[in-house]
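Structure first, commentary second.
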Amino acid sequence: MRTLRFVAAPFVARAPTAVRLNGVQAKVGGDGAARFPSAIRSRRFRLEIVSAAFPGGTPARVRQRRAVAIGELVGSGLRLNVPRTGALHAPCGTAAVSANGTNVPLRVTGDVAALDAGQALLARGCGGVDLPASRFDVRGVDATMVVDHLRLASAAPSGIVLPGQGGQVLRQGTGGDGSRDGVQVRVDGPSWLVLGESFDAGWRARCNGHDLGAPEPIQGYANGWLVDRGCTRVDFAFAPNNTIRLAYILSIFGIPFLIVAVARRRRPGYTNLQPLPDPDPVRPFDLLTAAGIAAAAAVVIAFVFALRAGAVAFPIVVALLWRGARVRRLIEVATLLLAVGVPVAYLLSKWDNRGGYNTYYAVDHRYGHWVAVAALCLLFIALVRTLLRARAPA
């Protein structure tokens with residue numbers, strides 16, 4: 001065999017860009033063909049994927065897929081005998097997890113048909129592992145198969161009695177923005193009240209109007225509170241949202257104030273301070289000085305917001321300082337971005353919240369975030385230029 005062609009899978013995934021066949025490596029061209037330097041003859045072949053890449057234009061969320069997909073293999077004289085039934089041969093180490101820094105190999109069981117159908121396969125530990133009575137991390141380990149759900153099966157130490165009387169959820173209540181109200185339960189005795197949201201110390205629960213305090217981590221991800229008989233009505237709320245709502249209110253009243261402050265012309269004599277000879281000069285810096293100041297500003301912006309924000313801000317700040325820009329103009333542009341740009345960016349974004357379970361919700365609304373970052377950077381530049389002018393000798 002000298003040429004092996006890879007037919008793309010019917011879905012978007014990484015495709016091979018370089019392969020190794022029986023130890024001979026070759027690149028995969030744009031037509032999906034891998035051409036080896038010489039013919040490879042054998043009754044058995046071992047194909048290894050050396051590197052893979054997504055097609056151009058693949059969205060960032062799809063690029064999180066780790067799988068490499070091959071639809072079909074086509075080659076002259078190629079005859080594949082692919083088993084479609086029978087037991088799956090996946091010995092110890094086919095999957096693994098790391099618990100407290102110790103790797104725990106797993107043996108995967110099941111059949112080939114279930115694997116081809118994409119069904120879940122059961123993996124069992126090849127041995128036990130001693131875990132400390134303290135906080136530690138459990139992570140999936142890169143292997144042939146990756147663990148999706150993990151259950152720790154071990155008897156509780158003697159002398160520890162866990163709440164377990166249980167009860168029943170009679171009404172799931174109404175979900176809102178970081179809240180769930182009107183939940184009705186029946187508690188038969190000491191039990192765990194579990195909220196199936198990712199654990200966060202900011203979640204709060206109230207039972208019959210009584211605050212249950214901060215949650216405890218439970219079931220590996222969720223929030224839990226100890227409750228007892230008599231608890232019938234439960235309300236959940238994410239407490240940090242109260243601060244966010246206050247910030248929203250301040251922003252609603254703050255943006256019009258900024259607009260008025262920029263547009264309003266002050267009356268003569270409104271202050272005893274002597275005005276500057278030119279309160280808003282256009283004093284461009286030379287290119288080297290502008291680059292130095294912009295580099296310092298970019299470092300601050302990258303630390304506060306993100307590395308990419310600093311990279312984008314650097315050439316913009318250089319241009320503003322080198323070519324010159326009036327402080328009033330900077331403030332006007334920043335006000336326009338905050339008053340118009342941010343709302344428009346949010347209105348044009350996707351609103352597929354999926355009942356609060358859309359993990360990409362923040363990513364879908366990132367454009368409004370970056371518009372606000374640009375406005376804050378312009379205001380910062382205007383402030384620095386104003387202070388430098390005020391401190392300069394007359």
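The chains in the structure tokens are called A, B, ... from first to last as shown; in each chain the residues are counted from 1, and the ligands are counted from 1 in the order shown.
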Using only C-alpha atoms, determine which residues lie at most 9 Å from Tyr221 of chain A, disregarding the query and same-chain residues fewer than 4 positions distant; provide the list as an MDAnalysis selection string. chainID A and resid 196:199 217
Env of Asp130 of chain A: 12 Å cut, atoms = only C-alpha atoms, seq-sep filter 4 positions within chain, self excluded. Answer as a ChimeraX atom specification. /A:99-104,134,152,154
Written file, previous selection with N, CA and C atoms, as a PDB file, in the first residue's frame:
```pdb
ATOM      1  N   ALA A  99      -6.585  10.253  41.800  1.00  0.00           N
ATOM      2  CA  ALA A  99      -7.197  10.619  43.073  1.00  0.00           C
ATOM      3  C   ALA A  99      -6.094  10.948  44.070  1.00  0.00           C
ATOM      4  N   ASN A 100      -6.057  12.205  44.514  1.00  0.00           N
ATOM      5  CA  ASN A 100      -5.039  12.651  45.464  1.00  0.00           C
ATOM      6  C   ASN A 100      -3.630  12.395  44.933  1.00  0.00           C
ATOM      7  N   GLY A 101      -3.453  12.549  43.617  1.00  0.00           N
ATOM      8  CA  GLY A 101      -2.138  12.377  43.015  1.00  0.00           C
ATOM      9  C   GLY A 101      -1.789  10.946  42.675  1.00  0.00           C
ATOM     10  N   THR A 102      -2.657   9.987  42.971  1.00  0.00           N
ATOM     11  CA  THR A 102      -2.408   8.574  42.681  1.00  0.00           C
ATOM     12  C   THR A 102      -3.257   8.136  41.493  1.00  0.00           C
ATOM     13  N   ASN A 103      -2.620   7.570  40.477  1.00  0.00           N
ATOM     14  CA  ASN A 103      -3.363   7.081  39.312  1.00  0.00           C
ATOM     15  C   ASN A 103      -4.054   5.756  39.640  1.00  0.00           C
ATOM     16  N   VAL A 104      -5.313   5.678  39.283  1.00  0.00           N
ATOM     17  CA  VAL A 104      -6.107   4.472  39.513  1.00  0.00           C
ATOM     18  C   VAL A 104      -6.515   3.926  38.140  1.00  0.00           C
ATOM     19  N   SER A 134      -9.620  14.332  53.919  1.00  0.00           N
ATOM     20  CA  SER A 134      -9.368  15.756  53.691  1.00  0.00           C
ATOM     21  C   SER A 134      -9.728  16.081  52.251  1.00  0.00           C
ATOM     22  N   LEU A 152     -17.851   6.582  43.537  1.00  0.00           N
ATOM     23  CA  LEU A 152     -16.979   5.966  44.527  1.00  0.00           C
ATOM     24  C   LEU A 152     -17.822   5.017  45.379  1.00  0.00           C
ATOM     25  N   SER A 154     -17.715   2.598  48.431  1.00  0.00           N
ATOM     26  CA  SER A 154     -16.950   2.171  49.597  1.00  0.00           C
ATOM     27  C   SER A 154     -17.841   2.266  50.815  1.00  0.00           C
TER      28      SER A 154
END
```
DSSP-assigned alpha helix (DSSP H) among segment 110-321 of chain A, expressed as a ChimeraX atom specification: /A:112-116,240-263,287-304,307-321
Atomic separation - atom CA of Ile316 of chain A relative to atom CA of Leu288 of chain A, Å: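 Taking atom CA of Leu288 of chain A and atom CA of Ile316 of chain A, their separation equals 14.5 Å.
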At a cut-off of 12 Å, using only C-alpha atoms, what residues contact Asn241 of chain A? Leave out same-chain residues fewer than 6 positions from it and give the result as a ChimeraX atom specification. /A:176-179,202-204,247-248
What gap, in Å, lies between atom CA of Pro132 of chain A and atom CA of Gly93 of chain A? 23.3 Å
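The space between atom CA of Asp116 of chain A and atom CA of Gly86 of chain A spans 11.7 Å.
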Report the residues of segment 233-342 of chain A whose backbone DSSP state falls under strand (DSSP E or B), written as JSON, numbers by chain. {"A": [233, 234, 235, 236, 237, 238]}
Would you kindly return, as a list in words, each protein, DNA or RNA residue with an atom no farther than 12 Å from any atom of Met145 of chain A, considering only C-alpha atoms and excluding same-chain residues fewer than 6 positions away?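 With the cut-off at 12 Å, the set is Arg66, Ala67, Ala90, Pro91, Cys92, Gly93, Thr94, Ala95, Ala96, Val97, Pro105, Leu106, Arg107, Val108, Thr109, Leu115, Ala120, Leu121, Leu122 and Ala123 of chain A.
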A:Arg2, A:Arg124, A:Lys350, A:Arg20: which is nearest Gly368 of chain A, counting only C-alpha atoms?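 The answer is A:Lys350, which sits nearest to Gly368 of chain A.
The shortest atom-to-atom distance to Ile70 of chain A, with only C-alpha atoms taken into account, belongs to A:Thr17 out of A:Thr17, A:Asn208, A:Gln25, A:Thr386.
For the residues A:Asp211, A:Asp364, A:Asp137, A:Glu332, ranking by smallest atom-to-atom distance to Ser98 of chain A using only C-alpha atoms places A:Asp137 first.
Across A:Val260, A:Ala374, A:Ala201, A:Val227, the tightest approach to Ala239 of chain A is made by A:Ala201 when counting only C-alpha atoms.
In this comparison, which uses only C-alpha atoms, the residue of A:Val68, A:Ile49, A:Ala298, A:Val373 approaching Ala15 of chain A most closely is A:Val68.
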Would you kindly return, as an MDAnalysis selection string, each protein, DNA or RNA residue with an atom no farther than 7 Å from any atom of Leu170 of chain A, considering only C-alpha atoms and excluding same-chain residues fewer than 2 positions away? chainID A and resid 168 172 184:186
Residue subset to file, keeping N, CA and C atoms, as an mmCIF file, in the first residue's frame:
```cif
data_model
loop_
_atom_site.group_PDB
_atom_site.id
_atom_site.type_symbol
_atom_site.label_atom_id
_atom_site.label_comp_id
_atom_site.auth_asym_id
_atom_site.auth_seq_id
_atom_site.Cartn_x
_atom_site.Cartn_y
_atom_site.Cartn_z
ATOM 1 N N GLN A 168 -39.549 13.172 50.037
ATOM 2 C CA GLN A 168 -40.046 13.252 48.673
ATOM 3 C C GLN A 168 -40.210 14.716 48.275
ATOM 4 N N GLN A 172 -41.564 20.913 42.378
ATOM 5 C CA GLN A 172 -40.232 21.408 42.078
ATOM 6 C C GLN A 172 -40.123 22.922 42.082
ATOM 7 N N GLN A 184 -41.866 22.400 47.271
ATOM 8 C CA GLN A 184 -42.552 21.727 48.379
ATOM 9 C C GLN A 184 -41.983 20.324 48.558
ATOM 10 N N VAL A 185 -41.638 19.995 49.803
ATOM 11 C CA VAL A 185 -41.020 18.704 50.103
ATOM 12 C C VAL A 185 -41.705 18.063 51.300
ATOM 13 N N ARG A 186 -41.497 16.758 51.414
ATOM 14 C CA ARG A 186 -41.911 16.021 52.602
ATOM 15 C C ARG A 186 -40.675 15.349 53.164
#
```
